[in-house]
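See below for the structure under consideration.
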Amino acid sequence: MTSTSRITLLATLLAIIVSLSYADRGGNITVTYDGRSLILNGKRDLFYSGAIHYTRSTPEMWPDLLDKARHGGLNMIETYVFWNAHEPVRGQWNFEGKNDIVKFLKLIQKKGMYACLRLGPFIQAEWNHGGLPYWLREVPDIIFRSDNEPFKKHMQEYVSVIVEKLKGENLFAPQGGPIIIGQIENEYNHIQRAFREKGDSYVQWSARLALGLNLGIPWVMCKQTDAPDPVINACNGRHCGDTFSGPNKPYKPFIWTENWTAQYRVFGDPPSQRSAEDMAYSVARFFAKNGAMINYYMYHGGTNFARTTSAFTMTRYYDEAPLDEYGLQKGPKWSHLRDAHKAINLCKKALLQGTPTTQKVSEFQEIRVYERPGSDLCAAFLTNNHTESASTINFRGQEYYLPSRSISILPDCKTVVYNTQTIVSQHNARNFKRSEAAGKLEWEVYSERIPSTKGVRIDSDEPKELYSLLKDASDYAWYTTKIELGPDDLPRKKSIKPVLRVVSNGHGMLAFVNGAFVGSAHGSHDEKGFGLQVSANLTVGVNHITFLCYTVGLPDSGAYMEHRFAGPTRVTVLGLNTGTIDLTDNGWGHKVSMRGEKQQIFTEEGAKKFPWKKAEGEGRPVSWYKTRFGTPEGKNPVAIRMTGMRKGQIWVNGNSIGRHWMSYLSPLRQPSQSDYHIPRAFLNEKDNLLVVLEEEKANPENIEIMLVDRDTICSYITDMHPPNVKSFANKKMRFHTVVDEAKTEATLKCPNYNKVSAVQFASFGDPRGACGNYAVGTCDSSVARQVVEQHCLGKQNCTIPMDPSLFPISGNACPQGKPLALAIQLKCD
């Protein structure tokens with residue numbers, strides 16, 4: 001027997017062992033795998049998964065989110081499990097409300113989808129502390145994510161509690177539940193070398209822990225090249241079809257655990273986008289190269305409510321996902337990916353049963369074919385990877401035009417049903433409009449008293465470390481000290497003032513001298529530490545210096561997270577006649593949180609405990625603002641626009657909707673986030689309490705309650721676009737059209753059963769722009785608007801053929817050699 005034959009035989013035997021290890025133990029679904037795919041009850045399938053985190057939306061939103069995911073062509077939902085949400089206090093578990101993972105998983109199954117469960121316990125996810133509860137930091141001798149006995153003990157306890165909870169509800173596949181695949185740990189390769197042999201042994205231990213649960217499902221480790229057998233190593237990234245070297249054993253399938261739909265954003269960032277075309281290309285490429293499962297991260301990002309973000313991460317999470325923060329379908333990303341799934345599914349039998357071959361046409365062009373000899377089973381993926389130039393490929397005697405950086409999908413090796421670059425599906429634009437029912441907001445204010453050593457006992461020589469002082473119970477801690485100065489200490493000239501200088505490990509602070517605000521400073525996501533240097537009006541006698549130090553979430557990545565620190569490390573006063581004075585060892589008092597937070601000023605009962613007065617103009621730093629508003633009309637999502645505010649937190653009827661930070665501007669000189677989601681579930685039937693904590697000087701008079709919609713719908717097609725993929729089907733191994741004639745046409749549908757109330761733009765010729773901002777080009781049909789109105793006005797959905805006879809060009813002729821285009825923008829009502 002040759003060495004190659006021995007390797008092949010060994011791979012086959014190991015695949016059989018893997019399959020047997022996951023054999024059905026009396027449940028409803030047997031989950032196995034081999035080098036081609038996951039196999040459920042002996043049947044191969046392709047899996048399109050989307051990340052939707054139960055903690056980042058409300059239970060009332062879950063059914064709609066899952067319905068839209070299913071209609072978007074997904075057959076699986078992925079979620080992390082959030083340890084610190086479930087066990088914020090050691091031994092006290094919470095599975096209620098947004099944390100009801102059982103309800104979420106059961107709903108996934110009810111909607112006819114499977115689940116991918118990513119247990120962690122470290123998840124990163126731009127979530128506070130990467131999902132690890134704060135109390136874990138205080139376990140003696142602990143080292144996170146290492147072959148460290150204290151960490152392994154608590155990790156095993158956590159995993160056991162979660163698994164037993166889910167097993168008790170019959171949620172794993174062999175029990176008839178939706179969970180068909182699990183993940184242990186998360187992107188550990190990033191830090192494995194930092195722990196040397198303790199990292200290597202930890203990977204092995206984690207795999208044994210997962211496999212020892214005997215759940216009858218496969219396990220993955222993402223971005224873990226040395227994933228121990230039979231755990232599957234999986235890819236994270238934007239283009240795993242080209243960057244993933246593949247499974248570390250031939251009997252493991254190609255799995256993509258995170259296809260990033262954009263990029264998470266931190267305060268100070270400009271907008272982050274990823275085009276629908278690039279995403280579709282990556283998906284088609286992956287499945288064309290033996291891909292078995294793909295998971296979009298995120299499919300719906302949602303909202304980081306309360307204080308759940310990691311350091312400096314925005315309250316809005318992955319708003320550029322196929323479902324935006326409010327759960328609205330983002331066009332064309334949602335629909336273009338839906339069509340990609342449909343096109344790939346038309347190729348499914350060929351992909352799973354055919355033999356793959358690859359033909360390299362040129363440096364940039366490639367043809368991949370899956371075919372079963374002696375049958376009609378054949379699917380082809382024609383690729384043009386040139387980023388600027390289109391090309392024409394000859395495939396089996398026929399010419400195929402390929403736009404730049406695109407893949408055409410041919411389920412019968414003849415007919416183009418989809419091209420990743422030519423978007424046939426619907427576009428849309430998001431609108432914010434002021435709610436009339438919310439009414440004019442009338443504000444009252446309560447300002448926190450700035451503490452000093454008179455009221456806060458000195459309890460330490462030096463300023464205390466901020467994380468361990470707060471214990472993640474609040475963002476805020478007061479630091480106080482005092483300094484006595486004589487006439488000879490102060491500068492003689494009144495124009496010269498002493499300077500207060502602070503060096504801090506992060507994240508930010510406000511400084512007060514004798515109760516007066518003197519300045520603020522903060523770090524960033526990349527550089528947590530910062531310096532504050534401000535002039536201070538010090539006087540003869542005792543001077544009280546106070547800092548309000550704050551965090552913006554705990555760290556969520558890297559090795560030795562338990563050894564990260566924040567807070568002031570050195571405090572000095574410069575510019576005195578007697579020289580620089582170092583106050584670092586001067587004796588400091590500390591107080592966690594503030595009165596309003598401790599007494600829950602943001603609730604109905606808590607607000608009654610405070611003396612409010614009418615808010616007029618710009619208020620003092622560290623103030624609470626209160627108002628009431630009527631419940632916005634209709635059923636559209638609700639947001640609050642924080643115009644005029646700077647930094648703090650927001651509560652509606654006692655529910656925290658997260659941190660706002662308007663004063664941290666992006667390089668575009670705009671706030672990273674201005675609108676903040678208020679879930680409808682947080683609203684009362686008629687009247688609502690809104691409370692805002694504002695850390696700096698601000699004026700709330702321009703805050704607005706907004707309604708959000710995507711009722712502006714658009715289409716942009718050319719005569720080079722293929723017909724809609726819905727025109728085709730593949731049943732009983734026979735590919736065929738399901739319409740009389742498959743042709744290019746614009747298809748539009750209003751959301752939420754609305755109807756078209758206006759044609760806002762229509763042009764046939766060479767229009768330019770994007771949905772919400774179209775413009776007529778150099779040539780145009782004068783009857784375009786009339787034709788579209790005839791087809792669409794008053795209808796919930798409409799179809800307009802890409803037919804030049806319907807749109808005679810008036811005036812200038814269109815440029816030669818350029819495709820004719822039809823652009824339409826409709827308003828739904």
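Letters A, B, ... go to the chains of the structure tokens in the order shown; residues in each chain start at 1; ligands are counted from 1 in the same order.
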
TODO: Per DSSP on the backbone, filter region 407-646 of chain A down to the residues in strand (DSSP E or B) and report them as number ranges by chain.
DONE: A: 407-410, 418-419, 427-434, 444-447, 458-460, 476-485, 499-504, 508-513, 516-522, 530-535, 541-550, 568-574, 581-582, 588-592, 613-614, 623-630, 638-641

Open item on the list: Need the shell around Glu465 (chain A): protein/DNA/RNA residues with any atom at most 7 Å away, counting only C-alpha atoms. Skip same-chain ones fewer than 5 positions apart. Format as a list in words?
Closed with: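 Close residues of Glu465 (chain A): Phe565, Ala566 and Gly567 of chain A.
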
Open item on the list: Based on the backbone DSSP call, show me all residues of region 222-345 of chain A assigned alpha helix (DSSP H), as a ChimeraX atom specification.
Closed with: /A:240-243,276-288,333-345

Go ahead and dump the residues you just picked, N, CA and C atoms, as a PDB file, in the first residue's frame.
ATOM      1  N   CYS A 240     -12.991  34.459   3.515  1.00  0.00           N
ATOM      2  CA  CYS A 240     -12.468  33.145   3.896  1.00  0.00           C
ATOM      3  C   CYS A 240     -12.376  32.194   2.706  1.00  0.00           C
ATOM      4  N   GLY A 241     -13.076  32.495   1.620  1.00  0.00           N
ATOM      5  CA  GLY A 241     -12.929  31.685   0.422  1.00  0.00           C
ATOM      6  C   GLY A 241     -11.527  31.735  -0.134  1.00  0.00           C
ATOM      7  N   ASP A 242     -10.780  32.776   0.183  1.00  0.00           N
ATOM      8  CA  ASP A 242      -9.411  32.922  -0.312  1.00  0.00           C
ATOM      9  C   ASP A 242      -8.365  32.934   0.799  1.00  0.00           C
ATOM     10  N   THR A 243      -8.761  33.345   2.017  1.00  0.00           N
ATOM     11  CA  THR A 243      -7.770  33.471   3.093  1.00  0.00           C
ATOM     12  C   THR A 243      -7.683  32.234   3.976  1.00  0.00           C
ATOM     13  N   ALA A 276     -22.819  45.345  -0.377  1.00  0.00           N
ATOM     14  CA  ALA A 276     -23.547  44.106  -0.629  1.00  0.00           C
ATOM     15  C   ALA A 276     -22.835  43.280  -1.697  1.00  0.00           C
ATOM     16  N   GLU A 277     -22.237  43.968  -2.670  1.00  0.00           N
ATOM     17  CA  GLU A 277     -21.547  43.261  -3.746  1.00  0.00           C
ATOM     18  C   GLU A 277     -20.341  42.481  -3.218  1.00  0.00           C
ATOM     19  N   ASP A 278     -19.578  43.109  -2.313  1.00  0.00           N
ATOM     20  CA  ASP A 278     -18.401  42.435  -1.768  1.00  0.00           C
ATOM     21  C   ASP A 278     -18.812  41.245  -0.913  1.00  0.00           C
ATOM     22  N   MET A 279     -19.875  41.402  -0.142  1.00  0.00           N
ATOM     23  CA  MET A 279     -20.342  40.294   0.682  1.00  0.00           C
ATOM     24  C   MET A 279     -20.818  39.135  -0.183  1.00  0.00           C
ATOM     25  N   ALA A 280     -21.592  39.457  -1.219  1.00  0.00           N
ATOM     26  CA  ALA A 280     -22.100  38.400  -2.096  1.00  0.00           C
ATOM     27  C   ALA A 280     -20.945  37.671  -2.780  1.00  0.00           C
ATOM     28  N   TYR A 281     -19.943  38.410  -3.206  1.00  0.00           N
ATOM     29  CA  TYR A 281     -18.762  37.792  -3.831  1.00  0.00           C
ATOM     30  C   TYR A 281     -18.120  36.801  -2.855  1.00  0.00           C
ATOM     31  N   SER A 282     -17.957  37.230  -1.598  1.00  0.00           N
ATOM     32  CA  SER A 282     -17.290  36.374  -0.619  1.00  0.00           C
ATOM     33  C   SER A 282     -18.084  35.104  -0.364  1.00  0.00           C
ATOM     34  N   VAL A 283     -19.405  35.213  -0.348  1.00  0.00           N
ATOM     35  CA  VAL A 283     -20.261  34.054  -0.104  1.00  0.00           C
ATOM     36  C   VAL A 283     -20.177  33.071  -1.271  1.00  0.00           C
ATOM     37  N   ALA A 284     -20.340  33.590  -2.490  1.00  0.00           N
ATOM     38  CA  ALA A 284     -20.271  32.722  -3.664  1.00  0.00           C
ATOM     39  C   ALA A 284     -18.900  32.060  -3.774  1.00  0.00           C
ATOM     40  N   ARG A 285     -17.859  32.805  -3.466  1.00  0.00           N
ATOM     41  CA  ARG A 285     -16.499  32.278  -3.545  1.00  0.00           C
ATOM     42  C   ARG A 285     -16.298  31.129  -2.559  1.00  0.00           C
ATOM     43  N   PHE A 286     -16.806  31.301  -1.349  1.00  0.00           N
ATOM     44  CA  PHE A 286     -16.624  30.283  -0.312  1.00  0.00           C
ATOM     45  C   PHE A 286     -17.329  28.976  -0.690  1.00  0.00           C
ATOM     46  N   PHE A 287     -18.591  29.080  -1.118  1.00  0.00           N
ATOM     47  CA  PHE A 287     -19.315  27.863  -1.477  1.00  0.00           C
ATOM     48  C   PHE A 287     -18.775  27.251  -2.766  1.00  0.00           C
ATOM     49  N   ALA A 288     -18.215  28.068  -3.647  1.00  0.00           N
ATOM     50  CA  ALA A 288     -17.602  27.536  -4.862  1.00  0.00           C
ATOM     51  C   ALA A 288     -16.325  26.760  -4.554  1.00  0.00           C
ATOM     52  N   LYS A 333     -28.444  45.068   0.886  1.00  0.00           N
ATOM     53  CA  LYS A 333     -27.644  43.991   1.477  1.00  0.00           C
ATOM     54  C   LYS A 333     -28.506  42.783   1.825  1.00  0.00           C
ATOM     55  N   TRP A 334     -29.628  43.020   2.513  1.00  0.00           N
ATOM     56  CA  TRP A 334     -30.481  41.907   2.928  1.00  0.00           C
ATOM     57  C   TRP A 334     -30.979  41.123   1.711  1.00  0.00           C
ATOM     58  N   SER A 335     -31.502  41.830   0.726  1.00  0.00           N
ATOM     59  CA  SER A 335     -32.125  41.139  -0.404  1.00  0.00           C
ATOM     60  C   SER A 335     -31.091  40.573  -1.386  1.00  0.00           C
ATOM     61  N   HIS A 336     -29.949  41.229  -1.556  1.00  0.00           N
ATOM     62  CA  HIS A 336     -28.920  40.711  -2.459  1.00  0.00           C
ATOM     63  C   HIS A 336     -28.339  39.411  -1.898  1.00  0.00           C
ATOM     64  N   LEU A 337     -28.168  39.334  -0.565  1.00  0.00           N
ATOM     65  CA  LEU A 337     -27.701  38.097   0.049  1.00  0.00           C
ATOM     66  C   LEU A 337     -28.790  37.022   0.003  1.00  0.00           C
ATOM     67  N   ARG A 338     -30.040  37.416   0.182  1.00  0.00           N
ATOM     68  CA  ARG A 338     -31.150  36.454   0.029  1.00  0.00           C
ATOM     69  C   ARG A 338     -31.085  35.798  -1.344  1.00  0.00           C
ATOM     70  N   ASP A 339     -30.870  36.618  -2.372  1.00  0.00           N
ATOM     71  CA  ASP A 339     -30.807  36.084  -3.729  1.00  0.00           C
ATOM     72  C   ASP A 339     -29.562  35.220  -3.931  1.00  0.00           C
ATOM     73  N   ALA A 340     -28.470  35.565  -3.256  1.00  0.00           N
ATOM     74  CA  ALA A 340     -27.264  34.736  -3.335  1.00  0.00           C
ATOM     75  C   ALA A 340     -27.533  33.347  -2.763  1.00  0.00           C
ATOM     76  N   HIS A 341     -28.236  33.307  -1.627  1.00  0.00           N
ATOM     77  CA  HIS A 341     -28.570  32.008  -1.031  1.00  0.00           C
ATOM     78  C   HIS A 341     -29.440  31.192  -1.973  1.00  0.00           C
ATOM     79  N   LYS A 342     -30.399  31.851  -2.594  1.00  0.00           N
ATOM     80  CA  LYS A 342     -31.286  31.172  -3.547  1.00  0.00           C
ATOM     81  C   LYS A 342     -30.474  30.614  -4.713  1.00  0.00           C
ATOM     82  N   ALA A 343     -29.563  31.400  -5.250  1.00  0.00           N
ATOM     83  CA  ALA A 343     -28.763  30.958  -6.395  1.00  0.00           C
ATOM     84  C   ALA A 343     -27.874  29.777  -6.024  1.00  0.00           C
ATOM     85  N   ILE A 344     -27.254  29.827  -4.851  1.00  0.00           N
ATOM     86  CA  ILE A 344     -26.392  28.726  -4.423  1.00  0.00           C
ATOM     87  C   ILE A 344     -27.220  27.471  -4.161  1.00  0.00           C
ATOM     88  N   ASN A 345     -28.407  27.646  -3.606  1.00  0.00           N
ATOM     89  CA  ASN A 345     -29.278  26.491  -3.371  1.00  0.00           C
ATOM     90  C   ASN A 345     -29.710  25.825  -4.673  1.00  0.00           C
TER      91      ASN A 345
END

Near region 72-89 of chain A, 9 Å: region 154-243 of chain A residue rows, closest pairs, only C-alpha atoms, as CSV:
residue,atom,partner,partner_atom,distance
A:Tyr158,CA,A:Trp83,CA,7.5
A:Ile162,CA,A:Val81,CA,8.5
A:Pro178,CA,A:Met76,CA,8.8
A:Gln183,CA,A:Tyr80,CA,8.9

Print the selection's residues with all heavy atoms to a file, as a PDB file, in the first residue's frame.
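Result file result-v5.pdb:
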ATOM      1  N   TYR A 158     -19.382  26.972  34.753  1.00  0.00           N
ATOM      2  CA  TYR A 158     -20.243  27.765  33.862  1.00  0.00           C
ATOM      3  C   TYR A 158     -20.794  26.919  32.722  1.00  0.00           C
ATOM      4  O   TYR A 158     -21.998  26.910  32.446  1.00  0.00           O
ATOM      5  CB  TYR A 158     -19.463  28.955  33.313  1.00  0.00           C
ATOM      6  CG  TYR A 158     -19.940  29.442  31.968  1.00  0.00           C
ATOM      7  CD1 TYR A 158     -21.111  30.199  31.848  1.00  0.00           C
ATOM      8  CD2 TYR A 158     -19.232  29.138  30.809  1.00  0.00           C
ATOM      9  CE1 TYR A 158     -21.556  30.628  30.604  1.00  0.00           C
ATOM     10  CE2 TYR A 158     -19.669  29.573  29.570  1.00  0.00           C
ATOM     11  CZ  TYR A 158     -20.832  30.305  29.474  1.00  0.00           C
ATOM     12  OH  TYR A 158     -21.268  30.722  28.237  1.00  0.00           O
ATOM     13  N   ILE A 162     -24.864  26.015  31.940  1.00  0.00           N
ATOM     14  CA  ILE A 162     -25.540  26.359  30.688  1.00  0.00           C
ATOM     15  C   ILE A 162     -26.010  25.106  29.963  1.00  0.00           C
ATOM     16  O   ILE A 162     -27.159  25.013  29.508  1.00  0.00           O
ATOM     17  CB  ILE A 162     -24.611  27.190  29.776  1.00  0.00           C
ATOM     18  CG1 ILE A 162     -24.259  28.531  30.442  1.00  0.00           C
ATOM     19  CG2 ILE A 162     -25.262  27.418  28.418  1.00  0.00           C
ATOM     20  CD1 ILE A 162     -25.434  29.444  30.684  1.00  0.00           C
ATOM     21  N   PRO A 178     -32.963  22.441  18.317  1.00  0.00           N
ATOM     22  CA  PRO A 178     -32.406  23.119  17.143  1.00  0.00           C
ATOM     23  C   PRO A 178     -30.886  23.186  17.100  1.00  0.00           C
ATOM     24  O   PRO A 178     -30.312  23.480  16.053  1.00  0.00           O
ATOM     25  CB  PRO A 178     -32.988  24.531  17.259  1.00  0.00           C
ATOM     26  CG  PRO A 178     -33.105  24.738  18.738  1.00  0.00           C
ATOM     27  CD  PRO A 178     -33.481  23.390  19.322  1.00  0.00           C
ATOM     28  N   GLN A 183     -19.651  25.815  19.716  1.00  0.00           N
ATOM     29  CA  GLN A 183     -18.279  26.329  19.716  1.00  0.00           C
ATOM     30  C   GLN A 183     -17.790  26.482  21.137  1.00  0.00           C
ATOM     31  O   GLN A 183     -18.498  27.001  22.001  1.00  0.00           O
ATOM     32  CB  GLN A 183     -18.201  27.686  19.009  1.00  0.00           C
ATOM     33  CG  GLN A 183     -16.785  28.286  19.022  1.00  0.00           C
ATOM     34  CD  GLN A 183     -16.713  29.653  18.372  1.00  0.00           C
ATOM     35  OE1 GLN A 183     -17.059  29.809  17.213  1.00  0.00           O
ATOM     36  NE2 GLN A 183     -16.262  30.649  19.138  1.00  0.00           N
TER      37      GLN A 183
END

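As for CA of Ile601 (chain A) and CA of Val622 (chain A), they are spaced 13.3 Å apart.
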
TODO: Extract, using only C-alpha atoms, all DNA, RNA and protein residues at most 8 Å from Val417 (chain A), discarding same-chain residues fewer than 6 positions from it, and format them as a list in words.
DONE: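 In the requested format, the answer is Ala343, Ser408, Ile409, Leu410, Pro411, Pro722, Pro723, Asn724, Val725 and Phe728 of chain A.
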
Task: Who sits within 12 Å of Gln786 (chain A), only C-alpha atoms, same chain under 2 positions skipped, as a ChimeraX atom specification - done: /A:758-764,781-784,788-793,800,806-807,824

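Neighbours of region 259-263 of chain A closer than or equal to 8 Å, with only C-alpha atoms counted and sequence neighbours fewer than 4 positions away skipped, come out as Asn236, Gly237, Arg238, His239, Cys240, Ser272, Gln273, Arg274, Met279, Ile294, Asn295, Tyr296, Tyr297, Met298, Tyr299, Tyr318, Glu320, Ala321 and Pro322 of chain A.
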
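Residue neighbourhood of region 729-733 of chain A, excluding near-sequence residues (fewer than 3 positions): Asn345, Leu346, Cys347, Lys349, Ala350, Asp376, Leu377, Pro411, Val725, Lys726, His736, Thr737 and Val738 of chain A, at 9 Å, using only C-alpha atoms.
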
Expected file contents, prior selection, N, CA and C atoms, as a CSV table (one decimal), in the first residue's frame:
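File again02.csv, as written:
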chain,number,residue,atom,x,y,z
A,345,ASN,N,-28.4,27.6,-3.6
A,345,ASN,CA,-29.3,26.5,-3.4
A,345,ASN,C,-29.7,25.8,-4.7
A,346,LEU,N,-29.8,26.6,-5.7
A,346,LEU,CA,-30.1,26.0,-7.0
A,346,LEU,C,-29.0,25.1,-7.5
A,347,CYS,N,-27.8,25.3,-6.9
A,347,CYS,CA,-26.6,24.5,-7.3
A,347,CYS,C,-26.4,23.4,-6.2
A,349,LYS,N,-27.4,20.4,-5.2
A,349,LYS,CA,-27.2,19.0,-5.4
A,349,LYS,C,-25.8,18.8,-6.2
A,350,ALA,N,-25.5,19.7,-7.1
A,350,ALA,CA,-24.3,19.6,-7.8
A,350,ALA,C,-23.1,19.8,-6.8
A,376,ASP,N,-27.1,15.0,-15.8
A,376,ASP,CA,-27.3,16.4,-16.1
A,376,ASP,C,-26.8,17.3,-15.0
A,377,LEU,N,-26.4,16.7,-13.9
A,377,LEU,CA,-26.0,17.5,-12.7
A,377,LEU,C,-24.7,18.2,-12.9
A,411,PRO,N,-26.5,27.4,-12.4
A,411,PRO,CA,-26.9,26.2,-11.7
A,411,PRO,C,-27.0,25.0,-12.7
A,725,VAL,N,-33.4,35.9,-9.6
A,725,VAL,CA,-33.1,34.5,-9.4
A,725,VAL,C,-34.4,33.8,-9.0
A,726,LYS,N,-35.4,34.5,-8.6
A,726,LYS,CA,-36.7,33.9,-8.3
A,726,LYS,C,-37.4,33.3,-9.6
A,736,HIS,N,-35.1,24.6,-14.3
A,736,HIS,CA,-36.1,25.2,-15.2
A,736,HIS,C,-36.5,26.6,-14.7
A,737,THR,N,-37.2,27.3,-15.6
A,737,THR,CA,-37.8,28.6,-15.2
A,737,THR,C,-39.2,28.4,-14.7
A,738,VAL,N,-39.6,29.3,-13.8
A,738,VAL,CA,-40.9,29.2,-13.2
A,738,VAL,C,-41.8,30.3,-13.7
